[in-house]
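Quick look at data_39.tsv (TSV, C-alpha atoms):
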```tsv
chain	number	residue	atom	x	y	z
S	1	MET	CA	0.00	0.00	0.00
S	2	ALA	CA	2.85	2.41	0.77
S	3	MET	CA	4.01	1.99	-2.83
S	4	ALA	CA	0.55	2.68	-4.26
S	5	LEU	CA	-0.25	5.57	-1.90
S	6	PRO	CA	3.01	6.99	-0.54
S	7	GLY	CA	3.24	9.43	2.34
S	8	ALA	CA	0.22	11.64	2.94
S	9	ARG	CA	-1.75	10.12	0.05
S	10	LEU	CA	-2.71	7.45	2.58
S	11	ARG	CA	-4.14	8.39	5.96
S	12	PRO	CA	-4.26	4.89	7.54
S	13	HIS	CA	-7.38	4.17	9.58
S	14	VAL	CA	-6.34	2.75	12.94
S	15	LYS	CA	-9.84	1.47	13.75
S	16	ALA	CA	-8.91	-1.60	11.72
S	17	HIS	CA	-6.16	-2.69	14.11
S	18	LYS	CA	-6.42	-0.49	17.25
S	19	CYS	CA	-2.73	-1.04	17.93
S	20	THR	CA	-0.07	1.66	18.30
S	21	ALA	CA	2.72	-0.85	17.66
S	22	LEU	CA	1.26	-1.50	14.23
S	23	ALA	CA	0.60	2.20	13.65
S	24	ARG	CA	4.26	2.85	14.37
S	25	ARG	CA	5.20	0.45	11.59
S	26	GLN	CA	2.90	2.34	9.27
S	27	LEU	CA	4.74	5.48	10.30
S	28	GLU	CA	8.02	3.79	9.44
S	29	ALA	CA	6.56	3.03	6.01
S	30	GLY	CA	6.18	6.77	5.44
S	31	HIS	CA	2.67	7.57	6.68
S	32	ARG	CA	2.66	10.38	9.24
S	33	THR	CA	-1.07	11.17	9.23
S	34	PHE	CA	-3.70	8.82	10.66
S	35	THR	CA	-7.46	8.40	10.80
S	36	CYS	CA	-9.29	7.48	14.01
S	37	ALA	CA	-12.89	6.49	14.73
S	38	THR	CA	-13.07	7.11	18.49
S	39	ILE	CA	-11.78	9.64	20.97
S	40	ARG	CA	-9.88	6.84	22.71
S	41	GLU	CA	-8.01	6.08	19.48
S	42	VAL	CA	-7.04	9.75	19.18
S	43	GLU	CA	-5.89	9.86	22.81
S	44	GLY	CA	-3.91	6.63	22.53
S	45	MET	CA	-2.18	7.66	19.32
S	46	ALA	CA	-1.18	11.00	20.82
S	47	GLU	CA	0.05	9.34	24.02
S	48	ALA	CA	2.22	7.05	21.89
S	49	GLY	CA	3.84	10.00	20.13
S	50	LEU	CA	1.84	9.42	16.94
S	51	GLY	CA	-0.22	12.61	17.12
S	52	GLU	CA	1.46	14.67	14.42
S	53	ASP	CA	-1.76	14.83	12.36
S	54	LEU	CA	-4.81	12.87	13.51
S	55	LEU	CA	-8.27	12.95	11.95
S	56	LEU	CA	-11.24	11.89	14.05
S	57	ALA	CA	-13.47	10.84	11.15
S	58	ASN	CA	-16.54	10.84	13.34
S	59	GLU	CA	-18.90	13.37	14.83
S	60	VAL	CA	-18.74	14.09	18.56
S	61	VAL	CA	-21.12	16.03	20.77
S	62	ASP	CA	-18.71	16.29	23.71
S	63	ALA	CA	-15.27	17.27	22.49
S	64	SER	CA	-13.82	18.32	25.86
S	65	ARG	CA	-11.34	15.42	25.86
S	66	LEU	CA	-10.08	16.39	22.40
S	67	GLY	CA	-9.11	19.89	23.44
S	68	ARG	CA	-6.66	18.48	25.97
S	69	ILE	CA	-4.78	16.27	23.53
S	70	ASP	CA	-1.16	17.13	22.78
S	71	GLY	CA	-1.12	16.87	19.02
S	72	ARG	CA	-2.83	18.07	15.87
S	73	VAL	CA	-6.42	16.85	15.85
S	74	THR	CA	-8.96	17.50	13.12
S	75	VAL	CA	-12.59	16.52	13.73
S	76	ALA	CA	-15.42	15.73	11.32
S	77	VAL	CA	-18.51	17.94	11.66
S	78	ASP	CA	-21.83	17.79	9.83
S	79	SER	CA	-24.23	20.01	11.79
S	80	LYS	CA	-24.59	23.14	13.88
S	81	GLN	CA	-24.46	20.98	17.01
S	82	THR	CA	-21.20	19.21	16.15
S	83	ILE	CA	-19.59	22.48	15.07
S	84	GLU	CA	-20.51	24.08	18.39
S	85	ALA	CA	-19.27	21.02	20.28
S	86	ALA	CA	-15.92	21.16	18.48
S	87	ALA	CA	-15.49	24.86	19.20
S	88	LYS	CA	-16.53	24.49	22.84
S	89	GLY	CA	-14.21	21.52	23.33
S	90	GLY	CA	-11.13	23.38	22.16
S	91	VAL	CA	-10.80	21.76	18.74
S	92	LYS	CA	-9.02	24.02	16.28
S	93	GLU	CA	-9.50	22.30	12.90
S	94	VAL	CA	-12.40	20.50	11.23
S	95	LEU	CA	-13.43	18.78	8.03
S	96	ILE	CA	-16.97	19.12	6.75
S	97	ASP	CA	-18.34	15.58	6.59
S	98	VAL	CA	-20.49	15.10	3.48
S	99	ASN	CA	-22.98	12.30	2.91
S	100	VAL	CA	-22.08	10.81	-0.47
S	101	GLY	CA	-24.58	7.95	-0.48
S	102	LEU	CA	-23.85	5.80	2.57
S	103	PRO	CA	-26.72	6.17	5.06
S	104	ARG	CA	-24.54	7.29	7.93
S	105	CYS	CA	-23.11	10.63	9.04
S	106	GLY	CA	-22.54	13.61	6.78
S	107	CYS	CA	-24.43	16.68	5.65
S	108	ALA	CA	-26.22	17.05	2.34
S	109	PRO	CA	-23.67	18.22	-0.26
S	110	GLU	CA	-25.62	21.41	-0.91
S	111	ASN	CA	-25.38	22.37	2.78
S	112	ALA	CA	-21.61	21.92	3.09
S	113	GLY	CA	-20.68	25.49	2.20
S	114	ALA	CA	-23.01	27.02	4.78
S	115	LEU	CA	-21.66	24.70	7.47
S	116	ALA	CA	-18.11	25.68	6.56
S	117	ASP	CA	-19.04	29.35	6.95
S	118	MET	CA	-20.61	28.59	10.33
S	119	ALA	CA	-17.50	26.71	11.47
S	120	ARG	CA	-15.25	29.60	10.48
S	121	SER	CA	-17.52	32.02	12.33
S	122	LYS	CA	-16.88	29.94	15.48
S	123	GLY	CA	-13.13	30.33	15.06
S	124	LEU	CA	-12.53	26.89	13.56
S	125	ALA	CA	-10.16	26.34	10.66
S	126	VAL	CA	-11.87	24.34	7.92
S	127	ARG	CA	-9.27	22.12	6.28
S	128	GLY	CA	-11.62	20.76	3.62
S	129	VAL	CA	-14.14	17.94	3.22
S	130	MET	CA	-14.48	14.24	3.82
S	131	GLY	CA	-16.96	11.65	2.60
S	132	TYR	CA	-16.99	7.87	2.73
S	133	GLU	CA	-18.20	5.74	-0.16
S	134	GLY	CA	-18.72	2.82	2.22
S	135	HIS	CA	-21.59	1.52	0.11
S	136	ALA	CA	-19.07	0.90	-2.69
S	137	VAL	CA	-15.93	-0.43	-1.01
S	138	GLY	CA	-17.11	-4.02	-0.61
S	139	LEU	CA	-18.87	-4.58	-3.93
S	140	ASP	CA	-17.63	-7.68	-5.76
S	141	ASP	CA	-18.15	-6.17	-9.22
S	142	ARG	CA	-15.23	-3.81	-9.82
S	143	SER	CA	-17.06	-1.91	-12.57
S	144	LEU	CA	-19.97	-1.25	-10.24
S	145	ARG	CA	-17.52	-0.28	-7.51
S	146	GLN	CA	-15.96	2.23	-9.89
S	147	ASP	CA	-19.31	3.67	-10.98
S	148	ILE	CA	-20.64	4.18	-7.45
S	149	THR	CA	-17.33	5.66	-6.31
S	150	ALA	CA	-17.46	8.13	-9.20
S	151	GLN	CA	-21.03	9.12	-8.33
S	152	SER	CA	-20.11	9.56	-4.68
S	153	MET	CA	-17.03	11.61	-5.40
S	154	GLU	CA	-18.93	13.87	-7.76
S	155	LEU	CA	-21.05	14.85	-4.76
S	156	LEU	CA	-17.96	15.34	-2.60
S	157	MET	CA	-16.25	17.51	-5.20
S	158	GLN	CA	-19.38	19.66	-5.52
S	159	ALA	CA	-19.29	20.17	-1.77
S	160	HIS	CA	-15.58	20.93	-1.82
S	161	ALA	CA	-16.14	23.67	-4.38
S	162	ASP	CA	-18.33	25.43	-1.81
S	163	VAL	CA	-16.22	24.61	1.25
S	164	GLY	CA	-12.67	25.13	0.01
S	165	GLY	CA	-9.59	23.94	1.87
S	166	ASP	CA	-6.71	21.69	0.95
S	167	VAL	CA	-8.09	18.33	2.10
S	168	ILE	CA	-10.39	15.97	0.21
S	169	SER	CA	-10.48	12.85	2.37
S	170	ALA	CA	-12.34	9.67	1.39
S	171	GLY	CA	-11.90	6.08	0.32
S	172	GLY	CA	-11.17	2.75	1.88
S	173	THR	CA	-9.35	-0.49	1.20
S	174	GLY	CA	-11.86	-1.53	-1.47
S	175	THR	CA	-11.49	1.71	-3.44
S	176	TYR	CA	-7.89	2.68	-2.72
S	177	ASP	CA	-6.92	2.27	-6.41
S	178	ILE	CA	-10.22	3.57	-7.78
S	179	ASN	CA	-10.73	6.81	-5.89
S	180	THR	CA	-8.59	9.30	-7.79
S	181	TRP	CA	-10.60	12.30	-6.61
S	182	ALA	CA	-9.56	12.33	-2.97
S	183	ASN	CA	-6.07	13.55	-2.11
S	184	GLU	CA	-5.95	11.33	0.97
S	185	ILE	CA	-7.37	7.81	1.30
S	186	GLN	CA	-8.63	6.53	4.67
S	187	ALA	CA	-7.89	2.83	4.11
S	188	GLY	CA	-7.36	0.64	7.18
S	189	SER	CA	-8.21	-3.03	6.62
S	190	TYR	CA	-5.46	-3.54	4.03
S	191	VAL	CA	-2.84	-3.97	6.75
S	192	LEU	CA	-4.46	-7.13	8.20
S	193	MET	CA	-7.19	-7.99	5.67
S	194	ASP	CA	-10.24	-10.21	6.09
S	195	THR	CA	-12.22	-12.65	3.99
S	196	ALA	CA	-14.70	-10.00	2.83
S	197	TYR	CA	-11.98	-7.87	1.23
S	198	ALA	CA	-9.93	-10.90	0.17
S	199	LYS	CA	-12.74	-11.87	-2.21
S	200	LEU	CA	-12.20	-8.64	-4.16
S	201	GLY	CA	-8.83	-9.79	-5.50
S	202	LEU	CA	-6.88	-6.97	-3.87
S	203	PRO	CA	-3.07	-7.26	-3.69
S	204	PHE	CA	-2.95	-7.59	0.10
S	205	LYS	CA	-2.41	-10.81	2.00
S	206	GLN	CA	-4.79	-11.95	4.71
S	207	ALA	CA	-2.63	-11.77	7.83
S	208	LEU	CA	-5.16	-11.91	10.66
S	209	SER	CA	-6.43	-15.19	12.06
S	210	VAL	CA	-7.83	-16.40	15.36
S	211	LEU	CA	-6.21	-19.56	16.72
S	212	ALA	CA	-8.72	-22.05	18.10
S	213	THR	CA	-8.63	-25.60	19.44
S	214	VAL	CA	-10.77	-28.48	18.25
S	215	ILE	CA	-12.74	-29.58	21.33
S	216	SER	CA	-15.11	-32.13	19.81
S	217	THR	CA	-15.58	-34.25	16.69
S	218	SER	CA	-18.56	-36.18	15.39
S	219	ALA	CA	-19.02	-39.38	13.44
S	220	SER	CA	-21.32	-37.30	11.25
S	221	GLY	CA	-18.26	-35.50	9.90
S	222	PHE	CA	-18.35	-32.18	11.67
S	223	ALA	CA	-15.99	-30.79	14.31
S	224	VAL	CA	-16.29	-28.08	16.95
S	225	ALA	CA	-13.66	-25.55	18.03
S	226	ASN	CA	-13.63	-23.16	20.98
S	227	CYS	CA	-14.09	-19.90	19.12
S	228	GLY	CA	-17.40	-18.15	18.51
S	229	LEU	CA	-19.31	-14.93	18.20
S	230	LYS	CA	-17.46	-13.38	21.14
S	231	ALA	CA	-14.15	-13.70	19.30
S	232	LEU	CA	-15.09	-13.04	15.66
S	233	GLY	CA	-16.59	-10.13	13.75
S	234	MET	CA	-19.56	-11.73	12.00
S	235	ASP	CA	-21.39	-8.76	10.48
S	236	HIS	CA	-19.78	-9.43	7.08
S	237	GLY	CA	-20.57	-13.12	7.11
S	238	LYS	CA	-19.09	-16.38	8.29
S	239	PRO	CA	-15.33	-16.81	8.71
S	240	ASP	CA	-13.18	-19.20	6.69
S	241	ILE	CA	-11.09	-22.08	7.99
S	242	ASP	CA	-7.45	-21.92	6.96
S	243	GLY	CA	-6.68	-25.02	4.94
S	244	GLY	CA	-10.27	-25.46	3.80
S	245	GLY	CA	-13.53	-26.53	5.30
S	246	ASN	CA	-17.11	-25.37	5.57
S	247	VAL	CA	-18.38	-23.38	8.53
S	248	MET	CA	-21.83	-24.58	9.58
S	249	ILE	CA	-22.75	-22.68	12.74
S	250	VAL	CA	-21.10	-20.02	14.89
S	251	SER	CA	-22.52	-19.56	18.39
S	252	ASP	CA	-21.28	-17.68	21.46
S	253	GLU	CA	-18.26	-19.87	22.25
S	254	HIS	CA	-18.31	-22.51	19.51
S	255	ILE	CA	-17.71	-22.83	15.79
S	256	THR	CA	-19.06	-25.96	14.11
S	257	PHE	CA	-17.45	-26.83	10.79
S	258	ILE	CA	-16.87	-29.57	8.25
S	259	PRO	CA	-13.07	-29.83	8.12
S	260	GLY	CA	-11.29	-29.81	4.79
S	261	GLU	CA	-8.94	-32.46	6.12
S	262	PRO	CA	-9.26	-34.80	9.12
S	263	VAL	CA	-8.91	-33.20	12.56
S	264	LYS	CA	-8.88	-34.60	16.06
S	265	VAL	CA	-9.59	-33.20	19.50
S	266	GLY	CA	-6.69	-31.00	20.58
S	267	ASP	CA	-5.72	-29.88	17.07
S	268	PHE	CA	-5.25	-26.17	16.44
S	269	ILE	CA	-7.03	-24.47	13.57
S	270	ARG	CA	-6.69	-20.95	12.19
S	271	ILE	CA	-9.96	-19.11	11.64
S	272	MET	CA	-9.92	-16.27	9.12
S	273	PRO	CA	-12.52	-13.62	10.11
S	274	ALA	CA	-14.82	-11.99	7.61
S	275	HIS	CA	-14.43	-8.56	9.22
S	276	VAL	CA	-11.12	-7.56	10.75
S	277	ASP	CA	-12.16	-4.42	12.68
S	278	PRO	CA	-14.59	-5.91	15.24
S	279	THR	CA	-12.52	-9.08	15.49
S	280	VAL	CA	-9.46	-7.15	16.66
S	281	ALA	CA	-11.58	-5.11	19.08
S	282	TYR	CA	-12.64	-8.30	20.88
S	283	HIS	CA	-9.05	-9.15	21.83
S	284	GLU	CA	-6.45	-7.63	24.16
S	285	HIS	CA	-3.32	-8.75	22.30
S	286	MET	CA	-2.20	-9.89	18.88
S	287	HIS	CA	0.68	-12.30	18.45
S	288	ILE	CA	3.06	-11.88	15.54
S	289	VAL	CA	3.83	-15.36	14.23
S	290	ARG	CA	6.13	-16.62	11.50
S	291	ASP	CA	6.48	-20.31	10.67
S	292	GLY	CA	4.79	-21.25	13.92
S	293	GLU	CA	7.10	-19.13	16.09
S	294	VAL	CA	5.75	-16.21	18.12
S	295	LEU	CA	8.09	-13.31	17.38
S	296	GLU	CA	6.33	-10.53	19.28
S	297	THR	CA	3.13	-9.79	21.16
S	298	TRP	CA	1.45	-6.43	20.63
S	299	GLU	CA	-1.18	-4.91	22.87
S	300	VAL	CA	-4.44	-3.86	21.25
S	301	ASP	CA	-4.18	-0.63	23.20
S	302	LEU	CA	-6.67	1.57	21.35
S	303	ARG	CA	-9.76	-0.35	22.43
S	304	GLY	CA	-12.61	1.46	24.14
S	305	TRP	CA	-14.17	4.83	23.60
```

Rewritten as structure tokens:
Amino acid sequence: MAMALPGARLRPHVKAHKCTALARRQLEAGHRTFTCATIREVEGMAEAGLGEDLLLANEVVDASRLGRIDGRVTVAVDSKQTIEAAAKGGVKEVLIDVNVGLPRCGCAPENAGALADMARSKGLAVRGVMGYEGHAVGLDDRSLRQDITAQSMELLMQAHADVGGDVISAGGTGTYDINTWANEIQAGSYVLMDTAYAKLGLPFKQALSVLATVISTSASGFAVANCGLKALGMDHGKPDIDGGGNVMIVSDEHITFIPGEPVKVGDFIRIMPAHVDPTVAYHEHMHIVRDGEVLETWEVDLRGW
């Protein structure tokens, strides 16, 4: 990714890994600006000395914690209320968050200019605009992904014409090589990957897995391992089993699967989650493994809110 989007062209999203040790390696790869989804992520990044330029790509209605952070923090705003909260909390810089088709946060594109004027009247510096084409990033059909991204970015560029500023922030792992409109891409999942993005044929290897133990087998052909909904992000579908197999059922503390090759009680299996972000958030540590050897253990230290 650092080759495709060098330096500030990529603003890595730390919500995907919630780990300052991994963020530091992204810094070493040339990325000095980062995207966060929670105030805790902003605080933790700043505490780790990674607060040179942080974007909280989320609206907040109580920004008092942000004003105390030692570092450069820009906050997304999309309403009078969030602008006032940013100003009251001591935030100095904002981006106008524009809804470009995903039913989530963001103002209507035609209202962006007026919100920018309001923000400036409150003493806030408006760095530009952001918008997330999240309804496009996971589409299997690349042509459709391109078309919806283009439609979304047309809306964002219209808003930017009214807002001004140097920053046009958008994109994600699924559109990192499609979104040529934004001058910074907020991709995050690429660094660990998951089965949902892996199906798009992107040039990133799936690095994240959850290690589980087979605790039961059946003469009917299925096996059960001690890993379930409380350890895996399931909102993007069922996980995959490394080495093959078919996942039947995932419950709180169990995964029932048809193994691709024979397994016995006590065997370890690697489970590849469909969605990396919530999977990481369920765990306190990640172990860095090569050829079966644990090289390092990193704390998932940006959890919480």

Using 12 Å as the limit and counting all atoms listed in the file, can you tabulate each residue of range 96-192 of chain S that touches range 24-27 of chain S, with its shortest atom-to-atom distance in Å and the two atoms involved, as a Markdown table?
```
| residue | atom | partner | partner_atom | distance |
| --- | --- | --- | --- | --- |
| S:Ala187 | CA | S:Gln26 | CA | 12.0 |
| S:Gly188 | CA | S:Gln26 | CA | 10.6 |
| S:Tyr190 | CA | S:Gln26 | CA | 11.5 |
| S:Val191 | CA | S:Gln26 | CA | 8.9 |
```

Determine, counting all atoms listed in the file, which protein, DNA and RNA residues have an atom within 9 Å of an atom of Met153 in chain S; residues of the same chain fewer than 2 positions away are not included. Present the result as a PyMOL selection string.
-> chain S and resi 100+131-133+148-151+155-158+170+179+181-182

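With all atoms listed in the file taken into account, the protein and nucleic acid residues at most 10 Å from Asp177 in chain S (excluding it and anything under 6 positions from it in its own chain) are Met1, Ala4, Leu5, Gln146, Gly171, Ile185 and Leu202 of chain S.
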
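For the set S:Pro262, S:Gly237, S:Glu93, S:Leu211, the residue with the smallest atom-to-atom gap to Gly292 in chain S is S:Leu211, counting only C-alpha atoms.
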
Which one of S:Val129, S:Ala223, S:Val167, S:Ala274 sits closest to Ala196 in chain S if you count all atoms listed in the file?
->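 The answer is S:Ala274, which sits nearest to Ala196 in chain S.
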
For this session: Give me, please, the distance in Å between CA of Gly172 in chain S and CA of Ala2 in chain S, quoted to one decimal.
Result: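 Taking CA of Gly172 in chain S as the start and CA of Ala2 in chain S as the end point, the length is 14.1 Å.
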
Closest of S:Arg270, S:Arg32, S:Arg65, S:Arg104 to Ser209 in chain S, counting only C-alpha atoms, is S:Arg270

List the neighbours of range 238-254 of chain S out to 10 Å using all atoms listed in the file; skip same-chain residues closer than 2 positions along the sequence, and give me the result as number ranges by chain.
S: 194-196, 209-210, 212, 214-215, 222-236, 256-261, 269-275

Need the shell around Gly51 in chain S: protein/DNA/RNA residues with any atom at most 7 Å away, counting only C-alpha atoms. Skip same-chain ones fewer than 6 positions apart. Format as a VMD selection string? chain S and resid 45 71 to 72

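Here the question is which of S:Val75, S:Cys105, S:Ala87, S:Leu95 gets nearest to Lys122 in chain S using only C-alpha atoms, and that residue is S:Ala87.
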
Skipping near chain neighbours, those fewer than 6 positions away, what residues fall within 7 Å of Leu10 in chain S using all atoms listed in the file, listed as number ranges by chain?
S: 31, 184-186

Between CA of Gly164 in chain S and CA of Gly113 in chain S lies a distance of 8.3 Å

All file atoms of range 262-265 of chain S boxed axis-aligned, 6 Å per side, centre plus edges, as JSON:
```
{"center_x": -9.2, "center_y": -34.0, "center_z": 14.3, "size_x": 12.7, "size_y": 13.6, "size_z": 22.4}
```
